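Working notes, structure below.
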Amino acid sequence: MCLLAIHLFALDALAERAKRTGETTLYRAPLGLRILLGTAIIGMVYGAGAVALSKELRRDWWVSVLLLGLAIFCASQWPADLGVSKSEIYEKKWLGLRKKTFLWKDGASSAVAPGEDSVWVVAKSGATIKHTKYHVDRAGFIAQMKTYCRWLEPGRAL
């Protein structure tokens with residue numbers, strides 16, 4: 001059942017298109033995956049709080065810890081938001097707490113990584129940004145990479 005859900009979210013990402021805001025194109029996780037992870041995180045945090053405030057906390061403390069751990073795990077699996085403009089590409093993780101930015105003028109190259117089913121963008125510094133199968137609009141992302149940075153054919157080193 002879980003594998004079916006994973007494949008459905010990957011198919012959802014193929015069907016959904018990137019959002020354009022101003023000069024930036026935003027590549028996010030598909031709506032279904034964002035709803036599932038968001039609901040799971042909120043539900044688990046609520047459940048952990050409900051157990052912590054219950055009269056049975058001395059006996060069921062481990063349930064609260066488990067639910068908080070699962071909520072943190074779900075948050076860590078949330079795909080990063082990728083933004084592409086004429087001047088830069090950025091990656092936002094952890095609800096914007098961690099942001100990585102590459103300017104196109106600093107030189108970057110990109111290629112498909114078939115083993116991971118992702119598109120990698122690598123800056124000259126060696127830092128990477130990945131467009132995974134759980135991001136929307138793979139074809140649009142590749143077209144932008146071919147426009148803004150050096151595109152390497154599969155099999156060539158980044």
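Identifiers for the structure tokens are assigned positionally: chains receive A, B, ... in sequence, residues are indexed from 1 per chain, and ligands are indexed from 1 in the order shown.
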Find the spatial neighbours of region 80-89 of chain A, counting only C-alpha atoms, within a cut-off of 12 Å - ignore same-chain residues fewer than 6 positions away - and output them as a VMD selection string. chain A and resid 18 to 30 34 95 to 110 119 to 123 128 to 138 140 to 145 147 to 149
Can you list, as a VMD selection string, every residue of region 84-125 of chain A that DSSP puts in helix (DSSP H, G or I)? chain A and resid 94 to 96 104 to 106
Resulting file, chosen residues, N, CA and C atoms, as a PDB file, in the first residue's frame:
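part.pdb, written as the output of this step:
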ATOM      1  N   TRP A  94      13.028  22.873   5.190  1.00  0.00           N
ATOM      2  CA  TRP A  94      12.577  23.078   6.569  1.00  0.00           C
ATOM      3  C   TRP A  94      11.789  24.376   6.710  1.00  0.00           C
ATOM      4  N   LEU A  95      10.775  24.534   5.843  1.00  0.00           N
ATOM      5  CA  LEU A  95       9.871  25.691   5.883  1.00  0.00           C
ATOM      6  C   LEU A  95      10.626  27.004   5.782  1.00  0.00           C
ATOM      7  N   GLY A  96      11.683  27.031   5.000  1.00  0.00           N
ATOM      8  CA  GLY A  96      12.451  28.249   4.766  1.00  0.00           C
ATOM      9  C   GLY A  96      13.577  28.493   5.741  1.00  0.00           C
ATOM     10  N   TRP A 104      23.682  32.222 -11.334  1.00  0.00           N
ATOM     11  CA  TRP A 104      24.101  31.636 -12.611  1.00  0.00           C
ATOM     12  C   TRP A 104      25.452  32.175 -13.056  1.00  0.00           C
ATOM     13  N   LYS A 105      25.749  33.448 -12.741  1.00  0.00           N
ATOM     14  CA  LYS A 105      27.019  34.045 -13.180  1.00  0.00           C
ATOM     15  C   LYS A 105      28.226  33.382 -12.505  1.00  0.00           C
ATOM     16  N   ASP A 106      28.006  32.709 -11.358  1.00  0.00           N
ATOM     17  CA  ASP A 106      29.101  32.017 -10.673  1.00  0.00           C
ATOM     18  C   ASP A 106      29.406  30.660 -11.306  1.00  0.00           C
TER      19      ASP A 106
END
Could you pull the residues within 9 Å of Gly49 (chain A), counting only C-alpha atoms, minus those fewer than 4 positions along the same chain, as a PyMOL selection string? chain A and resi 44-45+53-54+64+68
Writing out the chosen residues with all heavy atoms as a PDB file, in the first residue's frame:
ATOM      1  N   MET A  44      -0.001  14.305  14.267  1.00  0.00           N
ATOM      2  CA  MET A  44       0.915  13.673  15.225  1.00  0.00           C
ATOM      3  C   MET A  44       1.305  14.625  16.359  1.00  0.00           C
ATOM      4  O   MET A  44       1.406  14.190  17.507  1.00  0.00           O
ATOM      5  CB  MET A  44       2.151  13.154  14.495  1.00  0.00           C
ATOM      6  CG  MET A  44       1.853  11.893  13.706  1.00  0.00           C
ATOM      7  SD  MET A  44       3.293  11.220  12.952  1.00  0.00           S
ATOM      8  CE  MET A  44       2.909  11.468  11.242  1.00  0.00           C
ATOM      9  N   VAL A  45       1.501  15.886  16.053  1.00  0.00           N
ATOM     10  CA  VAL A  45       1.810  16.855  17.112  1.00  0.00           C
ATOM     11  C   VAL A  45       0.605  16.999  18.041  1.00  0.00           C
ATOM     12  O   VAL A  45       0.756  17.036  19.267  1.00  0.00           O
ATOM     13  CB  VAL A  45       2.237  18.215  16.519  1.00  0.00           C
ATOM     14  CG1 VAL A  45       2.296  19.291  17.587  1.00  0.00           C
ATOM     15  CG2 VAL A  45       3.588  18.087  15.821  1.00  0.00           C
ATOM     16  N   LEU A  53      -0.964  15.646  27.896  1.00  0.00           N
ATOM     17  CA  LEU A  53      -1.892  16.305  28.823  1.00  0.00           C
ATOM     18  C   LEU A  53      -2.876  15.341  29.480  1.00  0.00           C
ATOM     19  O   LEU A  53      -3.677  15.752  30.324  1.00  0.00           O
ATOM     20  CB  LEU A  53      -2.656  17.408  28.092  1.00  0.00           C
ATOM     21  CG  LEU A  53      -1.806  18.576  27.584  1.00  0.00           C
ATOM     22  CD1 LEU A  53      -2.655  19.530  26.756  1.00  0.00           C
ATOM     23  CD2 LEU A  53      -1.131  19.303  28.741  1.00  0.00           C
ATOM     24  N   SER A  54      -2.822  14.081  29.111  1.00  0.00           N
ATOM     25  CA  SER A  54      -3.769  13.107  29.674  1.00  0.00           C
ATOM     26  C   SER A  54      -3.339  12.669  31.079  1.00  0.00           C
ATOM     27  O   SER A  54      -2.204  12.863  31.500  1.00  0.00           O
ATOM     28  CB  SER A  54      -3.873  11.880  28.761  1.00  0.00           C
ATOM     29  OG  SER A  54      -2.726  11.090  28.876  1.00  0.00           O
ATOM     30  N   SER A  64       3.692   9.638  23.310  1.00  0.00           N
ATOM     31  CA  SER A  64       3.917  11.048  23.002  1.00  0.00           C
ATOM     32  C   SER A  64       5.278  11.250  22.323  1.00  0.00           C
ATOM     33  O   SER A  64       5.386  11.954  21.322  1.00  0.00           O
ATOM     34  CB  SER A  64       3.827  11.877  24.282  1.00  0.00           C
ATOM     35  OG  SER A  64       3.881  13.239  23.994  1.00  0.00           O
ATOM     36  N   LEU A  68       5.891  12.520  18.407  1.00  0.00           N
ATOM     37  CA  LEU A  68       6.754  13.669  18.087  1.00  0.00           C
ATOM     38  C   LEU A  68       7.893  13.263  17.154  1.00  0.00           C
ATOM     39  O   LEU A  68       8.239  13.998  16.225  1.00  0.00           O
ATOM     40  CB  LEU A  68       7.322  14.293  19.368  1.00  0.00           C
ATOM     41  CG  LEU A  68       6.380  15.216  20.115  1.00  0.00           C
ATOM     42  CD1 LEU A  68       7.027  15.695  21.410  1.00  0.00           C
ATOM     43  CD2 LEU A  68       5.981  16.394  19.259  1.00  0.00           C
TER      44      LEU A  68
END
Please give the complete set of residues from region 31-86 of chain A that DSSP, run on the backbone, assigns to strand (DSSP E or B), formatted as a list in words.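 Restricting region 31-86 of chain A to strand (DSSP E or B) produces Asp81, Leu82, Gly83 and Val84 of chain A.
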Generate the output file for the selected residues, all heavy atoms, as a PDB file, in the first residue's frame.
ATOM      1  N   ASP A  81      11.500  23.316  -1.648  1.00  0.00           N
ATOM      2  CA  ASP A  81      10.971  24.173  -2.703  1.00  0.00           C
ATOM      3  C   ASP A  81      12.148  24.681  -3.516  1.00  0.00           C
ATOM      4  O   ASP A  81      13.138  25.166  -2.947  1.00  0.00           O
ATOM      5  CB  ASP A  81      10.214  25.366  -2.111  1.00  0.00           C
ATOM      6  CG  ASP A  81       8.914  24.971  -1.446  1.00  0.00           C
ATOM      7  OD1 ASP A  81       8.459  23.829  -1.651  1.00  0.00           O
ATOM      8  OD2 ASP A  81       8.344  25.811  -0.729  1.00  0.00           O
ATOM      9  N   LEU A  82      12.053  24.583  -4.847  1.00  0.00           N
ATOM     10  CA  LEU A  82      13.103  25.066  -5.726  1.00  0.00           C
ATOM     11  C   LEU A  82      12.575  26.265  -6.499  1.00  0.00           C
ATOM     12  O   LEU A  82      11.466  26.223  -7.022  1.00  0.00           O
ATOM     13  CB  LEU A  82      13.532  23.981  -6.718  1.00  0.00           C
ATOM     14  CG  LEU A  82      13.926  22.628  -6.142  1.00  0.00           C
ATOM     15  CD1 LEU A  82      14.268  21.659  -7.265  1.00  0.00           C
ATOM     16  CD2 LEU A  82      15.086  22.770  -5.192  1.00  0.00           C
ATOM     17  N   GLY A  83      13.370  27.328  -6.563  1.00  0.00           N
ATOM     18  CA  GLY A  83      12.996  28.515  -7.319  1.00  0.00           C
ATOM     19  C   GLY A  83      14.058  28.820  -8.361  1.00  0.00           C
ATOM     20  O   GLY A  83      15.250  28.788  -8.061  1.00  0.00           O
ATOM     21  N   VAL A  84      13.616  29.101  -9.592  1.00  0.00           N
ATOM     22  CA  VAL A  84      14.546  29.388 -10.685  1.00  0.00           C
ATOM     23  C   VAL A  84      14.160  30.724 -11.300  1.00  0.00           C
ATOM     24  O   VAL A  84      13.002  30.952 -11.652  1.00  0.00           O
ATOM     25  CB  VAL A  84      14.493  28.282 -11.766  1.00  0.00           C
ATOM     26  CG1 VAL A  84      15.438  28.606 -12.909  1.00  0.00           C
ATOM     27  CG2 VAL A  84      14.814  26.923 -11.169  1.00  0.00           C
TER      28      VAL A  84
END
